[in-house]
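Quick look at entry11.pdb (PDB, N, CA and C atoms):
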MODEL        1
ATOM      1  N   MET U   1     -54.170  -6.504-109.951
ATOM      2  CA  MET U   1     -54.975  -6.869-111.102
ATOM      3  C   MET U   1     -56.051  -5.788-111.293
ATOM      4  N   THR U   2     -56.280  -5.373-112.524
ATOM      5  CA  THR U   2     -57.311  -4.383-112.811
ATOM      6  C   THR U   2     -58.595  -5.091-113.225
ATOM      7  N   GLU U   3     -59.717  -4.481-112.893
ATOM      8  CA  GLU U   3     -60.986  -5.110-113.271
ATOM      9  C   GLU U   3     -61.337  -4.779-114.716
ATOM     10  N   PRO U   4     -62.000  -5.691-115.401
ATOM     11  CA  PRO U   4     -62.407  -5.432-116.789
ATOM     12  C   PRO U   4     -63.334  -4.214-116.860
ATOM     13  N   ALA U   5     -63.295  -3.511-117.976
ATOM     14  CA  ALA U   5     -64.075  -2.287-118.144
ATOM     15  C   ALA U   5     -65.562  -2.521-117.936
ATOM     16  N   HIS U   6     -66.082  -3.669-118.367
ATOM     17  CA  HIS U   6     -67.528  -3.906-118.253
ATOM     18  C   HIS U   6     -67.978  -4.040-116.807
ATOM     19  N   GLU U   7     -67.101  -4.377-115.900
ATOM     20  CA  GLU U   7     -67.480  -4.503-114.495
ATOM     21  C   GLU U   7     -67.630  -3.152-113.823
ATOM     22  N   SER U   8     -67.066  -2.119-114.388
ATOM     23  CA  SER U   8     -67.194  -0.790-113.799
ATOM     24  C   SER U   8     -68.025   0.142-114.682
ATOM     25  N   ALA U   9     -68.679  -0.419-115.696
ATOM     26  CA  ALA U   9     -69.478   0.392-116.617
ATOM     27  C   ALA U   9     -70.784   0.835-115.951
ATOM     28  N   VAL U  10     -71.302   1.956-116.415
ATOM     29  CA  VAL U  10     -72.564   2.491-115.918
ATOM     30  C   VAL U  10     -73.516   2.615-117.096
ATOM     31  N   ALA U  11     -74.771   2.268-116.877
ATOM     32  CA  ALA U  11     -75.772   2.358-117.936
ATOM     33  C   ALA U  11     -76.887   3.301-117.509
ATOM     34  N   LEU U  12     -77.381   4.081-118.442
ATOM     35  CA  LEU U  12     -78.537   4.932-118.204
ATOM     36  C   LEU U  12     -79.777   4.076-118.419
ATOM     37  N   VAL U  13     -80.579   3.908-117.373
ATOM     38  CA  VAL U  13     -81.715   2.998-117.486
ATOM     39  C   VAL U  13     -83.059   3.715-117.472
ATOM     40  N   GLY U  14     -83.061   4.999-117.268
ATOM     41  CA  GLY U  14     -84.322   5.716-117.254
ATOM     42  C   GLY U  14     -84.094   7.211-117.385
ATOM     43  N   MET U  15     -85.119   7.906-117.821
ATOM     44  CA  MET U  15     -85.000   9.351-117.979
ATOM     45  C   MET U  15     -86.385   9.955-117.845
ATOM     46  N   ALA U  16     -86.457  11.098-117.232
ATOM     47  CA  ALA U  16     -87.706  11.838-117.122
ATOM     48  C   ALA U  16     -87.374  13.308-117.323
ATOM     49  N   GLY U  17     -88.340  14.060-117.736
ATOM     50  CA  GLY U  17     -88.102  15.484-117.899
ATOM     51  C   GLY U  17     -89.291  16.190-118.507
ATOM     52  N   ARG U  18     -89.176  17.506-118.547
ATOM     53  CA  ARG U  18     -90.164  18.353-119.197
ATOM     54  C   ARG U  18     -89.435  19.082-120.304
ATOM     55  N   PHE U  19     -90.033  19.093-121.479
ATOM     56  CA  PHE U  19     -89.362  19.648-122.653
ATOM     57  C   PHE U  19     -90.317  20.533-123.439
ATOM     58  N   PRO U  20     -89.809  21.598-124.049
ATOM     59  CA  PRO U  20     -90.683  22.411-124.890
ATOM     60  C   PRO U  20     -91.170  21.613-126.095
ATOM     61  N   GLY U  21     -92.479  21.587-126.274
ATOM     62  CA  GLY U  21     -93.058  20.883-127.416
ATOM     63  C   GLY U  21     -93.226  19.393-127.230
ATOM     64  N   ALA U  22     -92.904  18.876-126.046
ATOM     65  CA  ALA U  22     -93.031  17.435-125.797
ATOM     66  C   ALA U  22     -93.445  17.205-124.348
ATOM     67  N   ALA U  23     -94.469  16.407-124.173
ATOM     68  CA  ALA U  23     -94.986  16.137-122.829
ATOM     69  C   ALA U  23     -94.127  15.141-122.047
ATOM     70  N   ASP U  24     -93.312  14.354-122.766
ATOM     71  CA  ASP U  24     -92.494  13.348-122.086
ATOM     72  C   ASP U  24     -91.290  12.991-122.961
ATOM     73  N   VAL U  25     -90.468  12.107-122.452
ATOM     74  CA  VAL U  25     -89.238  11.728-123.150
ATOM     75  C   VAL U  25     -89.538  11.064-124.495
ATOM     76  N   GLU U  26     -90.567  10.220-124.541
ATOM     77  CA  GLU U  26     -90.894   9.538-125.793
ATOM     78  C   GLU U  26     -91.327  10.536-126.868
ATOM     79  N   GLN U  27     -92.126  11.526-126.487
ATOM     80  CA  GLN U  27     -92.534  12.550-127.454
ATOM     81  C   GLN U  27     -91.324  13.370-127.896
ATOM     82  N   LEU U  28     -90.423  13.663-126.984
ATOM     83  CA  LEU U  28     -89.190  14.375-127.348
ATOM     84  C   LEU U  28     -88.408  13.571-128.380
ATOM     85  N   ARG U  29     -88.276  12.259-128.160
ATOM     86  CA  ARG U  29     -87.553  11.405-129.096
ATOM     87  C   ARG U  29     -88.211  11.428-130.473
ATOM     88  N   ARG U  30     -89.547  11.305-130.494
ATOM     89  CA  ARG U  30     -90.259  11.344-131.781
ATOM     90  C   ARG U  30     -90.081  12.701-132.469
ATOM     91  N   ASN U  31     -90.154  13.784-131.697
ATOM     92  CA  ASN U  31     -89.964  15.118-132.278
ATOM     93  C   ASN U  31     -88.571  15.268-132.873
ATOM     94  N   LEU U  32     -87.563  14.817-132.148
ATOM     95  CA  LEU U  32     -86.189  14.920-132.652
ATOM     96  C   LEU U  32     -86.017  14.107-133.936
ATOM     97  N   ALA U  33     -86.568  12.897-133.951
ATOM     98  CA  ALA U  33     -86.455  12.031-135.129
ATOM     99  C   ALA U  33     -87.164  12.637-136.335
ATOM    100  N   ALA U  34     -88.268  13.352-136.086
ATOM    101  CA  ALA U  34     -89.052  13.942-137.172
ATOM    102  C   ALA U  34     -88.591  15.354-137.528
ATOM    103  N   GLY U  35     -87.606  15.872-136.786
ATOM    104  CA  GLY U  35     -87.120  17.228-137.065
ATOM    105  C   GLY U  35     -88.053  18.323-136.581
ATOM    106  N   ILE U  36     -88.900  18.016-135.605
ATOM    107  CA  ILE U  36     -89.840  19.003-135.057
ATOM    108  C   ILE U  36     -89.127  19.794-133.960
ATOM    109  N   PRO U  37     -89.031  21.114-134.126
ATOM    110  CA  PRO U  37     -88.322  21.912-133.127
ATOM    111  C   PRO U  37     -89.152  22.139-131.867
ATOM    112  N   GLY U  38     -88.492  22.317-130.756
ATOM    113  CA  GLY U  38     -89.177  22.653-129.508
ATOM    114  C   GLY U  38     -89.327  24.151-129.344
ATOM    115  N   LEU U  39     -88.501  24.915-130.039
ATOM    116  CA  LEU U  39     -88.572  26.376-129.952
ATOM    117  C   LEU U  39     -89.589  26.900-130.951
ATOM    118  N   ARG U  40     -90.190  28.036-130.604
ATOM    119  CA  ARG U  40     -91.166  28.662-131.498
ATOM    120  C   ARG U  40     -91.192  30.161-131.252
ATOM    121  N   ASP U  41     -91.845  30.885-132.151
ATOM    122  CA  ASP U  41     -92.032  32.323-131.969
ATOM    123  C   ASP U  41     -93.025  32.549-130.837
ATOM    124  N   LEU U  42     -92.692  33.470-129.935
ATOM    125  CA  LEU U  42     -93.576  33.811-128.827
ATOM    126  C   LEU U  42     -94.514  34.932-129.255
ATOM    127  N   THR U  43     -95.728  34.897-128.734
ATOM    128  CA  THR U  43     -96.690  35.948-129.038
ATOM    129  C   THR U  43     -96.429  37.158-128.144
ATOM    130  N   GLY U  44     -96.972  38.288-128.558
ATOM    131  CA  GLY U  44     -96.871  39.485-127.724
ATOM    132  C   GLY U  44     -97.495  39.267-126.358
ATOM    133  N   ASP U  45     -98.603  38.521-126.304
ATOM    134  CA  ASP U  45     -99.256  38.229-125.024
ATOM    135  C   ASP U  45     -98.362  37.385-124.117
ATOM    136  N   GLU U  46     -97.656  36.407-124.694
ATOM    137  CA  GLU U  46     -96.754  35.568-123.896
ATOM    138  C   GLU U  46     -95.599  36.396-123.337
ATOM    139  N   LEU U  47     -95.059  37.298-124.159
ATOM    140  CA  LEU U  47     -93.970  38.158-123.692
ATOM    141  C   LEU U  47     -94.464  39.071-122.582
ATOM    142  N   ALA U  48     -95.630  39.676-122.766
ATOM    143  CA  ALA U  48     -96.180  40.573-121.752
ATOM    144  C   ALA U  48     -96.440  39.829-120.445
ATOM    145  N   ALA U  49     -96.954  38.593-120.533
ATOM    146  CA  ALA U  49     -97.210  37.790-119.332
ATOM    147  C   ALA U  49     -95.920  37.471-118.589
ATOM    148  N   ALA U  50     -94.801  37.422-119.314
ATOM    149  CA  ALA U  50     -93.495  37.149-118.699
ATOM    150  C   ALA U  50     -92.821  38.434-118.219
ATOM    151  N   GLY U  51     -93.510  39.576-118.401
ATOM    152  CA  GLY U  51     -92.957  40.851-117.945
ATOM    153  C   GLY U  51     -92.032  41.515-118.939
ATOM    154  N   VAL U  52     -92.101  41.101-120.199
ATOM    155  CA  VAL U  52     -91.244  41.670-121.246
ATOM    156  C   VAL U  52     -92.088  42.552-122.148
ATOM    157  N   ASP U  53     -91.620  43.757-122.410
ATOM    158  CA  ASP U  53     -92.313  44.640-123.338
ATOM    159  C   ASP U  53     -92.074  44.116-124.749
ATOM    160  N   PRO U  54     -93.138  43.694-125.454
ATOM    161  CA  PRO U  54     -92.965  43.144-126.805
ATOM    162  C   PRO U  54     -92.330  44.119-127.785
ATOM    163  N   ALA U  55     -92.337  45.407-127.465
ATOM    164  CA  ALA U  55     -91.761  46.413-128.359
ATOM    165  C   ALA U  55     -90.278  46.663-128.080
ATOM    166  N   THR U  56     -89.687  45.932-127.151
ATOM    167  CA  THR U  56     -88.281  46.128-126.819
ATOM    168  C   THR U  56     -87.410  45.872-128.039
ATOM    169  N   PRO U  57     -86.611  46.872-128.445
ATOM    170  CA  PRO U  57     -85.751  46.666-129.620
ATOM    171  C   PRO U  57     -84.709  45.576-129.361
ATOM    172  N   GLY U  58     -84.470  44.771-130.371
ATOM    173  CA  GLY U  58     -83.437  43.739-130.289
ATOM    174  C   GLY U  58     -83.833  42.518-129.487
ATOM    175  N   HIS U  59     -85.055  42.497-128.987
ATOM    176  CA  HIS U  59     -85.497  41.344-128.197
ATOM    177  C   HIS U  59     -85.802  40.171-129.127
ATOM    178  N   VAL U  60     -85.292  39.005-128.799
ATOM    179  CA  VAL U  60     -85.547  37.799-129.596
ATOM    180  C   VAL U  60     -86.877  37.216-129.145
ATOM    181  N   ARG U  61     -87.804  37.075-130.073
ATOM    182  CA  ARG U  61     -89.147  36.600-129.739
ATOM    183  C   ARG U  61     -89.266  35.093-129.925
ATOM    184  N   VAL U  62     -88.271  34.355-129.498
ATOM    185  CA  VAL U  62     -88.269  32.899-129.637
ATOM    186  C   VAL U  62     -88.085  32.301-128.251
ATOM    187  N   GLY U  63     -88.815  31.243-127.994
ATOM    188  CA  GLY U  63     -88.690  30.586-126.693
ATOM    189  C   GLY U  63     -89.116  29.138-126.780
ATOM    190  N   GLY U  64     -88.975  28.460-125.672
ATOM    191  CA  GLY U  64     -89.367  27.067-125.592
ATOM    192  C   GLY U  64     -90.223  26.856-124.344
ATOM    193  N   PRO U  65     -91.430  27.447-124.345
ATOM    194  CA  PRO U  65     -92.285  27.291-123.165
ATOM    195  C   PRO U  65     -92.588  25.824-122.862
ATOM    196  N   VAL U  66     -92.666  25.514-121.579
ATOM    197  CA  VAL U  66     -92.975  24.163-121.127
ATOM    198  C   VAL U  66     -94.368  24.212-120.507
ATOM    199  N   ALA U  67     -95.239  23.325-120.911
ATOM    200  CA  ALA U  67     -96.614  23.300-120.398
ATOM    201  C   ALA U  67     -96.633  23.131-118.885
ATOM    202  N   GLY U  68     -97.540  23.857-118.249
ATOM    203  CA  GLY U  68     -97.714  23.729-116.795
ATOM    204  C   GLY U  68     -96.702  24.498-116.030
TER
ENDMDL
END

As a first step, turn the structure in this file into structure tokens.
Amino acid sequence: MTEPAHESAVALVGMAGRFPGAADVEQLRRNLAAGIPGLRDLTGDELAAAGVDPATPGHVRVGGPVAG
């Protein structure tokens, strides 16, 4: 006899994470619903702090920094 599908089902009951532009999962959900992107243009100072020369040809100046 096989068991019914609901007896072997798995449910996601919690989530945590760090996301660009959102301090928590609830803020991420609100941002997604409102169409607010997590990615943004990086400043020359941010690129330099990451060890990237801002004048590098072909470098994409977009990122999703996470606070902290």

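Within 7 Å of segment 11-25 of chain U, once all atoms listed in the file are used and residues closer than 6 positions along the same chain are dropped, the contacting residues are Pro37, Gly38, Leu39, Gly64, Pro65, Val66 and Ala67 of chain U.
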
Selection to disk with N, CA and C atoms, as a PDB file, in the frame of the given file:
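What landed in part.pdb:
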ATOM      1  N   PRO U  37     -89.031  21.114-134.126  1.00  0.00           N
ATOM      2  CA  PRO U  37     -88.322  21.912-133.127  1.00  0.00           C
ATOM      3  C   PRO U  37     -89.152  22.139-131.867  1.00  0.00           C
ATOM      4  N   GLY U  38     -88.492  22.317-130.756  1.00  0.00           N
ATOM      5  CA  GLY U  38     -89.177  22.653-129.508  1.00  0.00           C
ATOM      6  C   GLY U  38     -89.327  24.151-129.344  1.00  0.00           C
ATOM      7  N   LEU U  39     -88.501  24.915-130.039  1.00  0.00           N
ATOM      8  CA  LEU U  39     -88.572  26.376-129.952  1.00  0.00           C
ATOM      9  C   LEU U  39     -89.589  26.900-130.951  1.00  0.00           C
ATOM     10  N   GLY U  64     -88.975  28.460-125.672  1.00  0.00           N
ATOM     11  CA  GLY U  64     -89.367  27.067-125.592  1.00  0.00           C
ATOM     12  C   GLY U  64     -90.223  26.856-124.344  1.00  0.00           C
ATOM     13  N   PRO U  65     -91.430  27.447-124.345  1.00  0.00           N
ATOM     14  CA  PRO U  65     -92.285  27.291-123.165  1.00  0.00           C
ATOM     15  C   PRO U  65     -92.588  25.824-122.862  1.00  0.00           C
ATOM     16  N   VAL U  66     -92.666  25.514-121.579  1.00  0.00           N
ATOM     17  CA  VAL U  66     -92.975  24.163-121.127  1.00  0.00           C
ATOM     18  C   VAL U  66     -94.368  24.212-120.507  1.00  0.00           C
ATOM     19  N   ALA U  67     -95.239  23.325-120.911  1.00  0.00           N
ATOM     20  CA  ALA U  67     -96.614  23.300-120.398  1.00  0.00           C
ATOM     21  C   ALA U  67     -96.633  23.131-118.885  1.00  0.00           C
TER      22      ALA U  67
END

Distance of atom C of Val60 of chain U from atom CA of Thr43 of chain U, expressed in Å to one decimal place: 9.9 Å

Which of chain U DSSP labels helix (DSSP H, G or I), written as a PyMOL selection string: chain U and resi 5-8+25-34+44-49

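In the backbone-derived DSSP annotation, strand (DSSP E or B) within segment 4-68 of chain U comprises Phe19, Ala22, Arg40, Asp41, Val62 and Gly63 of chain U.
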
Pairwise distance for atom C of Asn31 of chain U and atom CA of Leu47 of chain U, rounded to one decimal in Å: 25.2 Å

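For the pair atom N of Arg61 of chain U and atom N of Glu26 of chain U, the separation is 27.6 Å.
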
Residues within 7 Å of (-92.4, 32.7, -131.4), counting only C-alpha atoms, listed as number ranges by chain: U: 40-43, 61-63

Nearby residues (all atoms listed in the file) at most 8 Å from Gly44 of chain U, same-chain spacing under 6 positions excluded, as a VMD selection string: chain U and resid 50 52 to 55

Place N, CA, C and O atoms on segment 7-21 of chain U and deliver the coordinates as a PDB file, in the coordinates of the input.
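Contents of result32.pdb, as written:
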ATOM      1  N   GLU U   7     -67.101  -4.377-115.900  1.00  0.00           N
ATOM      2  CA  GLU U   7     -67.480  -4.503-114.495  1.00  0.00           C
ATOM      3  C   GLU U   7     -67.630  -3.152-113.823  1.00  0.00           C
ATOM      4  O   GLU U   7     -68.273  -3.046-112.779  1.00  0.00           O
ATOM      5  N   SER U   8     -67.066  -2.119-114.388  1.00  0.00           N
ATOM      6  CA  SER U   8     -67.194  -0.790-113.799  1.00  0.00           C
ATOM      7  C   SER U   8     -68.025   0.142-114.682  1.00  0.00           C
ATOM      8  O   SER U   8     -68.093   1.326-114.430  1.00  0.00           O
ATOM      9  N   ALA U   9     -68.679  -0.419-115.696  1.00  0.00           N
ATOM     10  CA  ALA U   9     -69.478   0.392-116.617  1.00  0.00           C
ATOM     11  C   ALA U   9     -70.784   0.835-115.951  1.00  0.00           C
ATOM     12  O   ALA U   9     -71.293   0.182-115.049  1.00  0.00           O
ATOM     13  N   VAL U  10     -71.302   1.956-116.415  1.00  0.00           N
ATOM     14  CA  VAL U  10     -72.564   2.491-115.918  1.00  0.00           C
ATOM     15  C   VAL U  10     -73.516   2.615-117.096  1.00  0.00           C
ATOM     16  O   VAL U  10     -73.122   3.034-118.181  1.00  0.00           O
ATOM     17  N   ALA U  11     -74.771   2.268-116.877  1.00  0.00           N
ATOM     18  CA  ALA U  11     -75.772   2.358-117.936  1.00  0.00           C
ATOM     19  C   ALA U  11     -76.887   3.301-117.509  1.00  0.00           C
ATOM     20  O   ALA U  11     -77.289   3.309-116.349  1.00  0.00           O
ATOM     21  N   LEU U  12     -77.381   4.081-118.442  1.00  0.00           N
ATOM     22  CA  LEU U  12     -78.537   4.932-118.204  1.00  0.00           C
ATOM     23  C   LEU U  12     -79.777   4.076-118.419  1.00  0.00           C
ATOM     24  O   LEU U  12     -79.993   3.557-119.513  1.00  0.00           O
ATOM     25  N   VAL U  13     -80.579   3.908-117.373  1.00  0.00           N
ATOM     26  CA  VAL U  13     -81.715   2.998-117.486  1.00  0.00           C
ATOM     27  C   VAL U  13     -83.059   3.715-117.472  1.00  0.00           C
ATOM     28  O   VAL U  13     -84.087   3.090-117.638  1.00  0.00           O
ATOM     29  N   GLY U  14     -83.061   4.999-117.268  1.00  0.00           N
ATOM     30  CA  GLY U  14     -84.322   5.716-117.254  1.00  0.00           C
ATOM     31  C   GLY U  14     -84.094   7.211-117.385  1.00  0.00           C
ATOM     32  O   GLY U  14     -83.013   7.712-117.118  1.00  0.00           O
ATOM     33  N   MET U  15     -85.119   7.906-117.821  1.00  0.00           N
ATOM     34  CA  MET U  15     -85.000   9.351-117.979  1.00  0.00           C
ATOM     35  C   MET U  15     -86.385   9.955-117.845  1.00  0.00           C
ATOM     36  O   MET U  15     -87.378   9.376-118.287  1.00  0.00           O
ATOM     37  N   ALA U  16     -86.457  11.098-117.232  1.00  0.00           N
ATOM     38  CA  ALA U  16     -87.706  11.838-117.122  1.00  0.00           C
ATOM     39  C   ALA U  16     -87.374  13.308-117.323  1.00  0.00           C
ATOM     40  O   ALA U  16     -86.242  13.737-117.112  1.00  0.00           O
ATOM     41  N   GLY U  17     -88.340  14.060-117.736  1.00  0.00           N
ATOM     42  CA  GLY U  17     -88.102  15.484-117.899  1.00  0.00           C
ATOM     43  C   GLY U  17     -89.291  16.190-118.507  1.00  0.00           C
ATOM     44  O   GLY U  17     -90.264  15.561-118.918  1.00  0.00           O
ATOM     45  N   ARG U  18     -89.176  17.506-118.547  1.00  0.00           N
ATOM     46  CA  ARG U  18     -90.164  18.353-119.197  1.00  0.00           C
ATOM     47  C   ARG U  18     -89.435  19.082-120.304  1.00  0.00           C
ATOM     48  O   ARG U  18     -88.347  19.620-120.087  1.00  0.00           O
ATOM     49  N   PHE U  19     -90.033  19.093-121.479  1.00  0.00           N
ATOM     50  CA  PHE U  19     -89.362  19.648-122.653  1.00  0.00           C
ATOM     51  C   PHE U  19     -90.317  20.533-123.439  1.00  0.00           C
ATOM     52  O   PHE U  19     -91.512  20.232-123.527  1.00  0.00           O
ATOM     53  N   PRO U  20     -89.809  21.598-124.049  1.00  0.00           N
ATOM     54  CA  PRO U  20     -90.683  22.411-124.890  1.00  0.00           C
ATOM     55  C   PRO U  20     -91.170  21.613-126.095  1.00  0.00           C
ATOM     56  O   PRO U  20     -90.392  20.987-126.793  1.00  0.00           O
ATOM     57  N   GLY U  21     -92.479  21.587-126.274  1.00  0.00           N
ATOM     58  CA  GLY U  21     -93.058  20.883-127.416  1.00  0.00           C
ATOM     59  C   GLY U  21     -93.226  19.393-127.230  1.00  0.00           C
ATOM     60  O   GLY U  21     -93.631  18.690-128.146  1.00  0.00           O
TER      61      GLY U  21
END
